[in-house]
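Below: upload03.tsv (TSV, C-alpha atoms and all ligand atoms)
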```
chain	number	residue	atom	x	y	z
A	813	MET	CA	7.79	8.01	-18.13
A	814	GLN	CA	7.67	4.67	-19.91
A	815	THR	CA	7.89	1.44	-17.93
A	816	ILE	CA	9.50	-1.70	-19.35
A	817	LEU	CA	9.15	-5.03	-17.60
A	818	VAL	CA	12.40	-6.90	-18.22
A	819	THR	CA	12.55	-10.56	-17.23
A	820	GLY	CA	15.87	-12.29	-16.59
A	821	GLY	CA	17.57	-8.93	-16.05
A	822	CYS	CA	20.16	-10.32	-13.63
A	823	GLY	CA	21.66	-12.53	-16.35
A	824	PHE	CA	24.31	-11.68	-18.90
A	825	ILE	CA	22.35	-9.95	-21.68
A	826	GLY	CA	19.50	-8.67	-19.49
A	827	SER	CA	21.87	-6.82	-17.14
A	828	ASN	CA	23.68	-5.20	-20.08
A	829	PHE	CA	20.30	-4.25	-21.58
A	830	ILE	CA	19.02	-2.64	-18.35
A	831	ARG	CA	22.22	-0.64	-17.85
A	832	LEU	CA	22.12	0.57	-21.46
A	833	GLN	CA	18.43	1.57	-21.16
A	834	LEU	CA	19.05	3.61	-18.03
A	835	GLU	CA	22.10	5.26	-19.60
A	836	THR	CA	20.42	6.17	-22.88
A	837	GLN	CA	16.76	6.70	-21.94
A	838	PRO	CA	16.46	9.20	-19.05
A	839	ASP	CA	12.67	8.80	-18.91
A	840	GLN	CA	12.71	5.02	-18.80
A	841	LYS	CA	11.61	3.05	-15.76
A	842	ILE	CA	12.67	-0.61	-15.56
A	843	ILE	CA	11.09	-3.38	-13.52
A	844	ASN	CA	13.38	-6.41	-13.46
A	845	LEU	CA	11.70	-9.74	-12.71
A	846	ASP	CA	14.27	-12.45	-12.08
A	847	LYS	CA	14.20	-15.81	-10.32
A	848	LEU	CA	17.93	-15.65	-9.52
A	849	THR	CA	18.79	-19.11	-10.74
A	850	TYR	CA	22.47	-20.11	-10.68
A	851	ALA	CA	22.88	-17.82	-13.75
A	852	GLY	CA	21.16	-14.80	-12.21
A	853	ASN	CA	23.54	-12.55	-10.34
A	854	PRO	CA	22.19	-9.32	-8.78
A	855	GLU	CA	25.81	-8.17	-8.43
A	856	ASN	CA	25.67	-7.56	-12.19
A	857	LEU	CA	23.44	-4.56	-11.46
A	858	ALA	CA	24.84	-3.47	-8.09
A	859	ASP	CA	25.90	-0.12	-9.60
A	860	ILE	CA	22.32	0.85	-10.53
A	861	ASP	CA	20.57	-0.70	-7.56
A	862	SER	CA	19.82	2.65	-5.97
A	863	ASP	CA	18.61	4.33	-9.21
A	864	ALA	CA	15.02	5.45	-8.54
A	865	ARG	CA	14.07	4.38	-12.08
A	866	TYR	CA	14.97	0.75	-11.33
A	867	ALA	CA	12.95	-1.81	-9.35
A	868	PHE	CA	13.87	-5.43	-8.74
A	869	LYS	CA	11.23	-8.14	-8.26
A	870	HIS	CA	12.48	-11.52	-7.15
A	871	GLY	CA	10.21	-14.14	-8.71
A	872	ASP	CA	9.57	-16.81	-11.32
A	873	ILE	CA	7.94	-16.20	-14.70
A	874	CYS	CA	6.23	-19.57	-14.17
A	875	ASP	CA	4.42	-18.18	-11.09
A	876	ARG	CA	1.18	-16.95	-12.70
A	877	GLU	CA	-0.16	-15.15	-9.64
A	878	PHE	CA	3.10	-13.29	-9.07
A	879	VAL	CA	3.44	-12.30	-12.73
A	880	GLU	CA	-0.17	-11.08	-12.83
A	881	SER	CA	0.40	-9.03	-9.67
A	882	ILE	CA	3.23	-7.14	-11.38
A	883	PHE	CA	0.91	-6.14	-14.21
A	884	SER	CA	-1.92	-5.18	-11.89
A	885	GLU	CA	0.32	-3.07	-9.63
A	886	ASN	CA	2.18	-1.28	-12.45
A	887	SER	CA	1.32	0.30	-15.75
A	888	VAL	CA	3.63	-1.64	-18.05
A	889	ASP	CA	4.27	-0.18	-21.52
A	890	ALA	CA	6.40	-3.04	-22.83
A	891	VAL	CA	7.76	-6.46	-21.88
A	892	VAL	CA	11.19	-7.77	-22.90
A	893	ASN	CA	11.51	-11.46	-22.08
A	894	PHE	CA	15.12	-12.52	-21.54
A	895	ALA	CA	14.32	-15.02	-18.77
A	896	ALA	CA	15.44	-18.47	-19.82
A	897	GLU	CA	17.60	-21.43	-19.13
A	898	SER	CA	20.27	-20.59	-21.69
A	899	HIS	CA	23.05	-23.20	-21.68
A	900	VAL	CA	22.93	-25.96	-24.32
A	901	ASP	CA	25.12	-28.38	-22.34
A	902	ARG	CA	22.84	-28.15	-19.29
A	903	SER	CA	19.80	-28.88	-21.50
A	904	ILE	CA	21.49	-32.09	-22.63
A	905	LEU	CA	21.99	-33.15	-19.00
A	906	ASP	CA	18.41	-32.26	-17.96
A	907	SER	CA	15.82	-30.64	-20.20
A	908	GLY	CA	13.20	-30.25	-17.41
A	909	PRO	CA	14.00	-26.67	-16.33
A	910	PHE	CA	14.22	-25.63	-20.01
A	911	ILE	CA	10.72	-26.87	-20.77
A	912	GLN	CA	9.40	-25.22	-17.63
A	913	THR	CA	10.96	-21.75	-17.87
A	914	ASN	CA	11.42	-21.35	-21.61
A	915	ILE	CA	8.02	-22.70	-22.68
A	916	VAL	CA	5.60	-22.63	-19.73
A	917	GLY	CA	7.12	-19.39	-18.40
A	918	THR	CA	6.71	-17.72	-21.78
A	919	GLN	CA	3.09	-18.85	-22.00
A	920	ILE	CA	2.34	-17.41	-18.55
A	921	LEU	CA	4.02	-14.13	-19.44
A	922	LEU	CA	2.08	-13.93	-22.71
A	923	ASP	CA	-1.24	-14.58	-20.96
A	924	ALA	CA	-0.55	-11.97	-18.30
A	925	ALA	CA	0.65	-9.37	-20.81
A	926	ARG	CA	-2.39	-10.02	-22.96
A	927	SER	CA	-4.83	-9.69	-20.05
A	928	ALA	CA	-3.16	-6.41	-19.09
A	929	ASP	CA	-3.35	-5.10	-22.68
A	930	VAL	CA	0.37	-4.41	-22.77
A	931	PRO	CA	1.10	-2.50	-26.00
A	932	ARG	CA	4.37	-4.29	-26.88
A	933	TYR	CA	6.03	-7.60	-26.06
A	934	LEU	CA	9.47	-8.62	-27.28
A	935	GLN	CA	10.65	-12.23	-27.11
A	936	VAL	CA	14.44	-12.55	-27.01
A	937	SER	CA	15.24	-15.62	-29.07
A	938	THR	CA	18.22	-17.26	-30.70
A	939	ASP	CA	19.62	-18.27	-34.08
A	940	GLU	CA	19.73	-21.84	-32.72
A	941	VAL	CA	16.03	-22.24	-33.58
A	942	TYR	CA	17.10	-22.52	-37.25
A	943	GLY	CA	19.24	-25.59	-36.62
A	944	SER	CA	22.64	-26.02	-38.22
A	945	LEU	CA	24.23	-24.81	-41.48
A	946	GLY	CA	26.76	-26.58	-43.67
A	947	ALA	CA	29.80	-24.77	-45.02
A	948	GLU	CA	27.69	-22.20	-46.91
A	949	GLY	CA	24.57	-20.07	-46.55
A	950	PHE	CA	23.00	-17.88	-43.88
A	951	PHE	CA	19.92	-17.99	-41.66
A	952	THR	CA	17.24	-15.51	-42.71
A	953	GLU	CA	13.97	-14.87	-40.85
A	954	ASP	CA	12.31	-17.24	-43.37
A	955	THR	CA	14.65	-20.18	-42.75
A	956	PRO	CA	12.54	-23.13	-41.54
A	957	LEU	CA	12.78	-23.81	-37.82
A	958	ALA	CA	14.77	-26.99	-37.10
A	959	PRO	CA	16.10	-26.97	-33.53
A	960	ASN	CA	18.56	-29.69	-32.57
A	961	SER	CA	19.11	-29.42	-28.80
A	962	PRO	CA	16.56	-29.49	-25.95
A	963	TYR	CA	17.53	-25.82	-25.33
A	964	SER	CA	16.84	-24.74	-28.90
A	965	ALA	CA	13.68	-26.86	-29.07
A	966	SER	CA	12.34	-25.06	-25.98
A	967	LYS	CA	13.22	-21.65	-27.45
A	968	THR	CA	11.50	-22.63	-30.70
A	969	ALA	CA	8.36	-23.67	-28.83
A	970	ALA	CA	8.34	-20.27	-27.11
A	971	ASP	CA	8.73	-18.48	-30.47
A	972	LEU	CA	5.83	-20.48	-31.87
A	973	LEU	CA	3.66	-19.51	-28.90
A	974	VAL	CA	4.45	-15.83	-29.51
A	975	ARG	CA	3.66	-16.30	-33.20
A	976	ALA	CA	0.37	-18.05	-32.38
A	977	TYR	CA	-0.68	-15.32	-29.90
A	978	CYS	CA	0.03	-12.67	-32.55
A	979	HIS	CA	-1.98	-14.58	-35.14
A	980	THR	CA	-4.91	-15.63	-32.96
A	981	PHE	CA	-5.30	-12.70	-30.58
A	982	GLU	CA	-3.65	-9.86	-32.52
A	983	PHE	CA	-1.17	-9.87	-29.66
A	984	PRO	CA	1.50	-7.14	-30.12
A	985	GLY	CA	4.51	-9.48	-30.15
A	986	ILE	CA	7.91	-9.20	-31.83
A	987	ILE	CA	10.61	-11.88	-31.90
A	988	THR	CA	14.35	-11.21	-32.18
A	989	ARG	CA	16.89	-13.96	-32.94
A	990	CYS	CA	20.55	-13.36	-32.27
A	991	SER	CA	23.84	-15.20	-32.68
A	992	ASN	CA	26.48	-15.84	-29.98
A	993	ASN	CA	26.98	-12.88	-27.64
A	994	TYR	CA	30.21	-11.97	-25.87
A	995	GLY	CA	31.02	-9.16	-23.44
A	996	PRO	CA	31.12	-8.34	-19.72
A	997	TYR	CA	29.02	-10.20	-17.12
A	998	GLN	CA	28.70	-13.47	-19.08
A	999	PHE	CA	28.47	-16.48	-16.78
A	1000	PRO	CA	31.74	-18.46	-16.95
A	1001	GLU	CA	30.21	-21.64	-18.35
A	1002	LYS	CA	30.00	-20.26	-21.89
A	1003	LEU	CA	33.03	-20.51	-24.18
A	1004	ILE	CA	34.62	-17.05	-23.95
A	1005	PRO	CA	34.34	-16.36	-20.19
A	1006	LEU	CA	35.13	-20.00	-19.34
A	1007	PHE	CA	38.26	-20.04	-21.47
A	1008	VAL	CA	39.41	-16.57	-20.36
A	1009	SER	CA	38.95	-17.41	-16.68
A	1010	ASN	CA	40.71	-20.77	-17.08
A	1011	LEU	CA	43.61	-19.17	-18.94
A	1012	MET	CA	43.90	-16.42	-16.32
A	1013	SER	CA	44.89	-19.17	-13.87
A	1014	ASP	CA	46.89	-21.23	-16.42
A	1015	GLN	CA	44.26	-23.98	-16.54
A	1016	GLN	CA	43.55	-25.98	-19.72
A	1017	VAL	CA	40.63	-25.06	-21.97
A	1018	PRO	CA	38.26	-27.86	-23.13
A	1019	VAL	CA	37.66	-27.64	-26.89
A	1020	TYR	CA	34.81	-29.89	-28.00
A	1021	GLY	CA	35.59	-32.34	-30.83
A	1022	LYS	CA	38.10	-30.93	-33.31
A	1023	GLY	CA	37.10	-27.32	-32.64
A	1024	GLU	CA	35.78	-26.97	-36.19
A	1025	ASN	CA	32.29	-25.74	-35.25
A	1026	VAL	CA	31.58	-22.19	-36.33
A	1027	ARG	CA	29.79	-19.48	-34.36
A	1028	ASP	CA	29.00	-15.88	-35.39
A	1029	TRP	CA	30.10	-13.59	-32.54
A	1030	ILE	CA	28.34	-10.34	-31.67
A	1031	HIS	CA	29.09	-7.89	-28.88
A	1032	VAL	CA	26.34	-7.92	-26.25
A	1033	LEU	CA	25.77	-4.16	-26.58
A	1034	ASP	CA	25.15	-4.52	-30.32
A	1035	HIS	CA	22.53	-7.15	-29.45
A	1036	CYS	CA	21.00	-4.82	-26.82
A	1037	ARG	CA	20.86	-1.94	-29.33
A	1038	GLY	CA	19.08	-4.28	-31.75
A	1039	ILE	CA	16.51	-5.28	-29.14
A	1040	ASP	CA	15.92	-1.61	-28.36
A	1041	ALA	CA	15.46	-0.81	-32.06
A	1042	ALA	CA	13.05	-3.71	-32.57
A	1043	LEU	CA	11.09	-2.77	-29.45
A	1044	ARG	CA	10.67	0.82	-30.58
A	1045	ASN	CA	10.49	0.52	-34.37
A	1046	GLY	CA	9.82	-3.13	-35.20
A	1047	ARG	CA	6.60	-4.19	-36.90
A	1048	LEU	CA	4.27	-6.23	-34.71
A	1049	GLY	CA	4.19	-9.94	-35.51
A	1050	GLU	CA	7.62	-9.80	-37.19
A	1051	VAL	CA	10.90	-11.61	-36.58
A	1052	TYR	CA	14.27	-9.78	-36.69
A	1053	ASN	CA	17.68	-11.48	-36.89
A	1054	PHE	CA	20.85	-10.00	-35.37
A	1055	GLY	CA	24.40	-11.23	-35.94
A	1056	GLY	CA	27.92	-9.90	-35.75
A	1057	ASN	CA	29.20	-10.76	-39.25
A	1058	CYS	CA	32.04	-12.49	-37.44
A	1059	GLU	CA	32.25	-16.21	-38.12
A	1060	LEU	CA	35.01	-18.10	-36.35
A	1061	GLN	CA	35.78	-21.77	-35.83
A	1062	ASN	CA	36.03	-22.51	-32.10
A	1063	ILE	CA	39.68	-23.44	-32.50
A	1064	GLN	CA	40.43	-20.12	-34.25
A	1065	LEU	CA	38.76	-18.26	-31.39
A	1066	THR	CA	40.61	-20.37	-28.82
A	1067	LYS	CA	43.98	-19.57	-30.43
A	1068	LEU	CA	43.06	-15.88	-30.53
A	1069	LEU	CA	42.31	-15.96	-26.79
A	1070	LEU	CA	45.67	-17.65	-26.15
A	1071	GLU	CA	47.40	-15.01	-28.25
A	1072	VAL	CA	45.76	-12.04	-26.51
A	1073	LEU	CA	46.46	-13.54	-23.08
A	1074	ASP	CA	49.96	-14.61	-24.11
A	1075	LYS	CA	49.46	-18.26	-23.15
A	1076	PRO	CA	50.91	-21.43	-24.79
A	1077	GLU	CA	48.93	-23.74	-27.10
A	1078	SER	CA	49.74	-26.61	-24.73
A	1079	LEU	CA	46.78	-25.33	-22.66
A	1080	ILE	CA	44.35	-26.53	-25.38
A	1081	ARG	CA	42.69	-29.79	-24.40
A	1082	TYR	CA	40.53	-31.51	-27.02
A	1083	VAL	CA	37.62	-33.26	-25.27
A	1084	SER	CA	34.71	-35.41	-26.47
A	1085	ASP	CA	32.21	-33.54	-28.58
A	1086	ARG	CA	28.87	-32.09	-27.45
A	1087	PRO	CA	26.14	-34.60	-28.49
A	1088	GLY	CA	24.25	-33.30	-31.53
A	1089	HIS	CA	26.68	-30.35	-31.79
A	1090	ASP	CA	25.45	-27.86	-34.44
A	1091	LEU	CA	28.22	-27.34	-37.00
A	1092	ARG	CA	27.75	-23.75	-38.06
A	1093	TYR	CA	25.60	-20.69	-37.37
A	1094	ALA	CA	25.67	-17.62	-39.61
A	1095	ILE	CA	23.13	-14.83	-39.73
A	1096	ASP	CA	21.75	-12.68	-42.50
A	1097	CYS	CA	20.71	-9.44	-40.76
A	1098	SER	CA	19.72	-7.47	-43.84
A	1099	LYS	CA	16.08	-7.22	-42.68
A	1100	SER	CA	17.12	-5.59	-39.39
A	1101	GLU	CA	19.47	-3.25	-41.27
A	1102	ARG	CA	16.75	-2.29	-43.72
A	1103	GLU	CA	13.77	-1.97	-41.38
A	1104	LEU	CA	15.37	-0.97	-38.07
A	1105	GLY	CA	18.39	0.97	-39.32
A	1106	TRP	CA	20.45	-1.31	-37.05
A	1107	ARG	CA	23.88	-2.75	-37.72
A	1108	PRO	CA	26.57	-4.15	-35.43
A	1109	GLN	CA	29.05	-1.43	-34.44
A	1110	VAL	CA	31.70	-3.19	-32.38
A	1111	GLU	CA	34.64	-4.60	-34.33
A	1112	PHE	CA	35.38	-8.09	-32.98
A	1113	ARG	CA	39.08	-7.63	-32.13
A	1114	ASP	CA	38.31	-4.41	-30.20
A	1115	GLY	CA	35.30	-5.94	-28.45
A	1116	LEU	CA	37.25	-9.07	-27.53
A	1117	GLN	CA	40.16	-7.05	-26.13
A	1118	GLN	CA	37.74	-4.91	-24.06
A	1119	THR	CA	35.97	-8.05	-22.85
A	1120	ILE	CA	39.21	-9.75	-21.82
A	1121	ASP	CA	40.32	-6.54	-20.08
A	1122	TRP	CA	36.99	-6.48	-18.23
A	1123	TYR	CA	37.45	-10.07	-16.99
A	1124	LEU	CA	41.06	-9.33	-16.03
A	1125	SER	CA	40.03	-6.33	-13.96
A	1126	ASN	CA	37.01	-8.12	-12.49
A	1127	ALA	CA	38.75	-11.26	-11.31
A	1128	VAL	CA	36.85	-10.97	-8.03
A	1129	TRP	CA	33.52	-11.16	-9.92
A	1130	ILE	CA	34.64	-14.46	-11.50
A	1131	GLU	CA	36.06	-15.74	-8.23
A	1132	ARG	CA	32.78	-15.05	-6.39
A	1133	ILE	CA	30.88	-17.00	-9.06
A	1134	LYS	CA	33.28	-19.91	-9.06
A	1135	SER	CA	33.23	-20.11	-5.27
A	1136	GLY	CA	29.44	-19.68	-5.10
A	1137	ALA	CA	29.83	-16.55	-2.93
A	1138	TYR	CA	27.66	-14.51	-5.31
A	1139	LEU	CA	24.67	-16.65	-4.31
A	1140	LYS	CA	24.84	-15.08	-0.85
A	1141	PHE	CA	24.78	-11.51	-2.23
A	1142	TYR	CA	21.02	-11.36	-2.63
A	1143	GLU	CA	20.36	-12.36	0.93
A	1144	GLU	CA	22.91	-9.86	2.24
A	1145	GLN	CA	21.72	-7.08	-0.03
A	1146	TYR	CA	17.96	-7.55	0.06
A	1147	GLY	CA	17.13	-10.08	2.78
A	1148	ALA	CA	16.61	-7.67	5.67
A	1149	ARG	CA	15.12	-4.94	3.43
A	1150	MET	CA	12.56	-7.10	1.64
A	1151	GLY	CA	12.11	-10.11	3.87
A	1152	ALA	CA	13.12	-12.27	0.88
A	1201	LIG	P1	21.66	-16.08	-18.69
A	1201	LIG	O1	21.61	-17.54	-18.44
A	1201	LIG	O2	22.93	-15.33	-18.45
A	1201	LIG	O3	20.52	-15.34	-17.83
A	1201	LIG	C1	19.22	-15.84	-17.71
A	1201	LIG	C2	18.52	-15.05	-16.62
A	1201	LIG	O4	17.16	-15.51	-16.54
A	1201	LIG	C3	19.13	-15.23	-15.23
A	1201	LIG	O5	19.22	-13.98	-14.56
A	1201	LIG	C4	18.13	-16.13	-14.51
A	1201	LIG	O6	18.11	-15.97	-13.10
A	1201	LIG	C5	16.83	-15.72	-15.17
A	1201	LIG	N1	15.79	-16.76	-15.10
A	1201	LIG	C6	15.92	-18.07	-15.41
A	1201	LIG	N2	14.76	-18.72	-15.19
A	1201	LIG	C7	13.87	-17.80	-14.76
A	1201	LIG	C8	12.51	-17.85	-14.38
A	1201	LIG	N3	11.82	-19.00	-14.41
A	1201	LIG	N4	11.89	-16.71	-13.99
A	1201	LIG	C9	12.58	-15.53	-13.94
A	1201	LIG	N5	13.88	-15.43	-14.26
A	1201	LIG	C10	14.52	-16.55	-14.68
A	1201	LIG	O7	21.18	-15.89	-20.19
A	1201	LIG	P2	21.65	-14.85	-21.32
A	1201	LIG	O8	22.83	-15.40	-22.00
A	1201	LIG	O9	21.68	-13.51	-20.74
A	1201	LIG	O10	20.42	-14.98	-22.34
A	1201	LIG	C11	19.26	-14.17	-22.17
A	1201	LIG	C12	18.26	-14.51	-23.26
A	1201	LIG	O11	18.86	-14.29	-24.55
A	1201	LIG	C13	17.80	-15.96	-23.26
A	1201	LIG	O12	16.44	-15.99	-23.57
A	1201	LIG	C14	18.62	-16.62	-24.37
A	1201	LIG	O13	17.94	-17.70	-24.94
A	1201	LIG	C15	18.74	-15.46	-25.34
A	1201	LIG	N6	19.94	-15.48	-26.21
A	1201	LIG	C16	21.20	-15.63	-25.66
A	1201	LIG	C17	22.31	-15.57	-26.51
A	1201	LIG	C18	23.71	-15.69	-25.95
A	1201	LIG	O14	24.66	-15.75	-26.73
A	1201	LIG	N7	23.92	-15.71	-24.65
A	1201	LIG	C19	22.13	-15.40	-27.88
A	1201	LIG	C20	20.83	-15.27	-28.40
A	1201	LIG	C21	19.74	-15.30	-27.55
A	1202	LIG	O1	23.79	-18.94	-30.92
A	1202	LIG	C1	23.18	-18.34	-29.83
A	1202	LIG	C2	23.39	-19.20	-28.60
A	1202	LIG	O2	24.76	-19.02	-28.22
A	1202	LIG	C3	22.47	-18.83	-27.44
A	1202	LIG	O3	21.14	-19.10	-27.80
A	1202	LIG	C4	22.83	-19.64	-26.17
A	1202	LIG	O4	22.04	-19.20	-25.08
A	1202	LIG	C5	24.30	-19.40	-25.86
A	1202	LIG	O5	24.68	-20.19	-24.75
A	1202	LIG	C6	25.16	-19.75	-27.08
A	1202	LIG	O6	25.11	-21.17	-27.34
A	1202	LIG	P1	26.41	-22.01	-27.75
A	1202	LIG	O7	26.18	-23.43	-27.41
A	1202	LIG	O8	26.84	-21.69	-29.13
A	1202	LIG	O9	27.47	-21.33	-26.72
A	1202	LIG	P2	28.66	-21.97	-25.86
A	1202	LIG	O10	29.46	-20.82	-25.34
A	1202	LIG	O11	28.18	-22.98	-24.90
A	1202	LIG	O12	29.52	-22.71	-26.97
A	1202	LIG	C7	30.10	-22.01	-28.06
A	1202	LIG	C8	30.82	-23.02	-28.93
A	1202	LIG	O13	31.97	-23.51	-28.20
A	1202	LIG	C9	30.00	-24.25	-29.25
A	1202	LIG	O14	30.32	-24.70	-30.55
A	1202	LIG	C10	30.45	-25.29	-28.22
A	1202	LIG	C11	31.90	-24.93	-27.99
A	1202	LIG	N1	32.41	-25.16	-26.62
A	1202	LIG	C12	31.70	-24.66	-25.57
A	1202	LIG	C13	32.14	-24.85	-24.27
A	1202	LIG	C14	31.35	-24.31	-23.11
A	1202	LIG	C15	33.63	-25.81	-26.43
A	1202	LIG	O15	34.29	-26.23	-27.39
A	1202	LIG	N2	34.05	-26.01	-25.15
A	1202	LIG	C16	33.36	-25.55	-24.06
A	1202	LIG	O16	33.81	-25.79	-22.92
```
Can the structure in the file be given as structure tokens, please?
Amino acid sequence: MQTILVTGGCGFIGSNFIRLQLETQPDQKIINLDKLTYAGNPENLADIDSDARYAFKHGDICDREFVESIFSENSVDAVVNFAAESHVDRSILDSGPFIQTNIVGTQILLDAARSADVPRYLQVSTDEVYGSLGAEGFFTEDTPLAPNSPYSASKTAADLLVRAYCHTFEFPGIITRCSNNYGPYQFPEKLIPLFVSNLMSDQQVPVYGKGENVRDWIHVLDHCRGIDAALRNGRLGEVYNFGGNCELQNIQLTKLLLEVLDKPESLIRYVSDRPGHDLRYAIDCSKSERELGWRPQVEFRDGLQQTIDWYLSNAVWIERIKSGAYLKFYEEQYGARMGA
């Protein structure tokens, strides 16, 4: 049985990744190390909590002693590092936690994985490290790094640490960089779940600036399948891009959400722009297609409809996040059992 240490597994992409691993890899054991910040919700994995192949460790990737203890107590075959502060707007308000978790946390994880001779380490990164595109062109793995927000700067620093460890120590690292994910379990501060949840209760949706910024949308399970392919078949020291081949202006996406939910355009509210707002992201994934045999499978309209249906039938999940009730889940679920 192979053991993967997943960090940040109670977040949006990490929880989808863990569920997919357990569904598709019967011999896989997963250890999930998560700090349970505001974005970490153990309810995302409540359905697999009793699976004997799954173990949850409540802790911080910045806690060196704790991270080292996980490696000394377990034989870890691979690390997938999702743990991060992930919201651009929050990084503009306060970059401190981003520097701490995204940079220092990654360094601690790299040191511990290296000391334990872990055979494979995958850093989950973002297309935002490449900066912003104009009307034309695509990011390739060779596009120079030019981050524009404190979030993307911290992710870039982490990527450079992974690169340096590979170069200096022959560390077995791989970096993946993906565009904007959508799907179930995304925290309702990001565009799609925020707008869907607002529209579900006939609240206005705040479109930044003129809504002309372009993002390339990919279903979270396509991203997870890419990470799995890179982890198993990627070349050490390499970078792999993933994208959904689905560029949309924010206003186009907003109108699509209104259409699917049958809501009026009067619910659009244009608000002041995000400072330093990147205009356009678009990904060239030909290297991942060529080397990993990966390509996105979910057609955007289908994936969006399924995602909206998921939020509609999981209104309680959203409500518990908005009310803060989900923060009590961990204590109720694990407090007595683990003394946490
Ligand atoms: P998220 O905010 O939903 O989840 C982050 C998770 O990390 C949470 O469970 C949180 O509790 C945990 N965490 C935060 N700080 C931690 C710490 N110090 N120690 C341990 N756990 C900690 O994020 P997400 O959207 O699922 O993104 C996951 C990763 O994928 C991030 O590294 C992000 O940069 C990257 N990424 C995200 C997207 C996207 O569209 N969401 C796209 C490309 C890359
Ligand atoms: O590109 C990958 C990145 O995608 C990931 O690295 C980040 O972790 C993830 O959060 C996401 O970043 P974005 O900033 O692109 O996502 P967000 O959902 O915050 O915003 C998407 C677009 O919508 C962006 O152009 C800003 C705009 N927006 C966002 C919000 C929350 C609005 O117009 N109004 C909003 O209220």
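Between CA of Leu1006 (chain A) and CA of Lys1075 (chain A) the interatomic distance comes to 14.9 Å.
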Pick out the closest residue to ligand LIG 1201 (chain A) from this set: A:Leu1139, A:Ala1127, A:Val1083, A:Ala1042. Count only C-alpha atoms and all ligand atoms.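 Once distances to ligand LIG 1201 (chain A) are computed over only C-alpha atoms and all ligand atoms, the minimum belongs to A:Leu1139.
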Could you give me, as a Markdown table, every region 862-901 of chain A residue with an atom at most 10 Å from region 963-969 of chain A, plus its closest atom pair and distance in Å to one decimal, counting all atoms listed in the file, rows ordered by chain then number?
```
| residue | atom | partner | partner_atom | distance |
| --- | --- | --- | --- | --- |
| A:Ala896 | CA | A:Lys967 | CA | 8.6 |
| A:Glu897 | CA | A:Tyr963 | CA | 7.6 |
| A:Ser898 | CA | A:Tyr963 | CA | 6.9 |
| A:His899 | CA | A:Tyr963 | CA | 7.1 |
| A:Val900 | CA | A:Tyr963 | CA | 5.5 |
| A:Asp901 | CA | A:Tyr963 | CA | 8.5 |
```
If I wrap all listed atoms of region 1131-1139 of chain A in a box with edges along x, y and z and add 5 Å on each side, what are its centre and edge lengths in Å to one decimal, as lines of an AutoDock Vina configuration file?
```
center_x = 30.4
center_y = -17.3
center_z = -6.0
size_x = 21.4
size_y = 15.6
size_z = 16.1
```
Counting all atoms listed in the file, which residues in chain A sit no more than 6 Å from ligand LIG 1202 (chain A)? For each one, give the nearest pair of atoms and the distance in Å, sorted by chain then residue number, as CSV.
```
residue,atom,partner,partner_atom,distance
A:Ser898,CA,A:LIG1202,O4,4.1
A:His899,CA,A:LIG1202,O5,4.6
A:Val900,CA,A:LIG1202,O7,5.1
A:Thr938,CA,A:LIG1202,O3,4.5
A:Asp939,CA,A:LIG1202,O1,5.3
A:Glu940,CA,A:LIG1202,O1,5.3
A:Ser991,CA,A:LIG1202,O1,4.1
A:Asn992,CA,A:LIG1202,O2,4.0
A:Glu1001,CA,A:LIG1202,C14,5.6
A:Lys1002,CA,A:LIG1202,O10,3.5
A:Leu1003,CA,A:LIG1202,O10,3.8
A:Pro1018,CA,A:LIG1202,O16,4.9
A:Val1019,CA,A:LIG1202,O15,3.7
A:Tyr1020,CA,A:LIG1202,O15,3.7
A:Asn1025,CA,A:LIG1202,O14,5.2
A:Asn1062,CA,A:LIG1202,O13,5.7
```
Write to file, as a short mmCIF file (atom, residue, chain, number, x, y, z; two decimals), in the coordinates of the input, the residues of the selection just made, with C-alpha atoms.
```cif
data_model
loop_
_atom_site.label_atom_id
_atom_site.label_comp_id
_atom_site.auth_asym_id
_atom_site.auth_seq_id
_atom_site.Cartn_x
_atom_site.Cartn_y
_atom_site.Cartn_z
CA SER A 898 20.27 -20.59 -21.69
CA HIS A 899 23.05 -23.20 -21.68
CA VAL A 900 22.93 -25.96 -24.32
CA THR A 938 18.22 -17.26 -30.70
CA ASP A 939 19.62 -18.27 -34.08
CA GLU A 940 19.73 -21.84 -32.72
CA SER A 991 23.84 -15.20 -32.68
CA ASN A 992 26.48 -15.84 -29.98
CA GLU A 1001 30.21 -21.64 -18.35
CA LYS A 1002 30.00 -20.26 -21.89
CA LEU A 1003 33.03 -20.51 -24.18
CA PRO A 1018 38.26 -27.86 -23.13
CA VAL A 1019 37.66 -27.64 -26.89
CA TYR A 1020 34.81 -29.89 -28.00
CA ASN A 1025 32.29 -25.74 -35.25
CA ASN A 1062 36.03 -22.51 -32.10
#
```
Between A:Arg1027, A:Arg1081, A:Arg1113, A:Lys1022, which one has atoms that come closest to ligand LIG 1201 (chain A), using only C-alpha atoms and all ligand atoms? A:Arg1027
Students should find that CA of Lys841 (chain A) and CA of Asp861 (chain A) are spaced 12.7 Å
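Pairwise distance (atom O2 of ligand LIG 1201 (chain A), CA of Leu905 (chain A)) equals 17.9 Å.
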Could you tell me, counting all atoms listed in the file, which protein and nucleic acid residues lie no more than 7 Å from ligand LIG 1201 (chain A), written as a PyMOL selection string? chain A and resi 819-826+845-853+871-874+893-899+913+917+936-939+967+989-994+998-999
Pick from A:Ala925, A:Thr988, A:Ile904, A:Phe950, whichever lies nearest to Ser881 (chain A) using all atoms listed in the file: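 Smallest distance to Ser881 (chain A) is found for A:Ala925.
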Given the choices A:Ile1120, A:Ala1041, A:Val892, A:Ile1130, which gets closest to Ser1100 (chain A) if the distance is worked out from all atoms listed in the file?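 Nearest candidate to Ser1100 (chain A) out of A:Ile1120, A:Ala1041, A:Val892, A:Ile1130: A:Ala1041.
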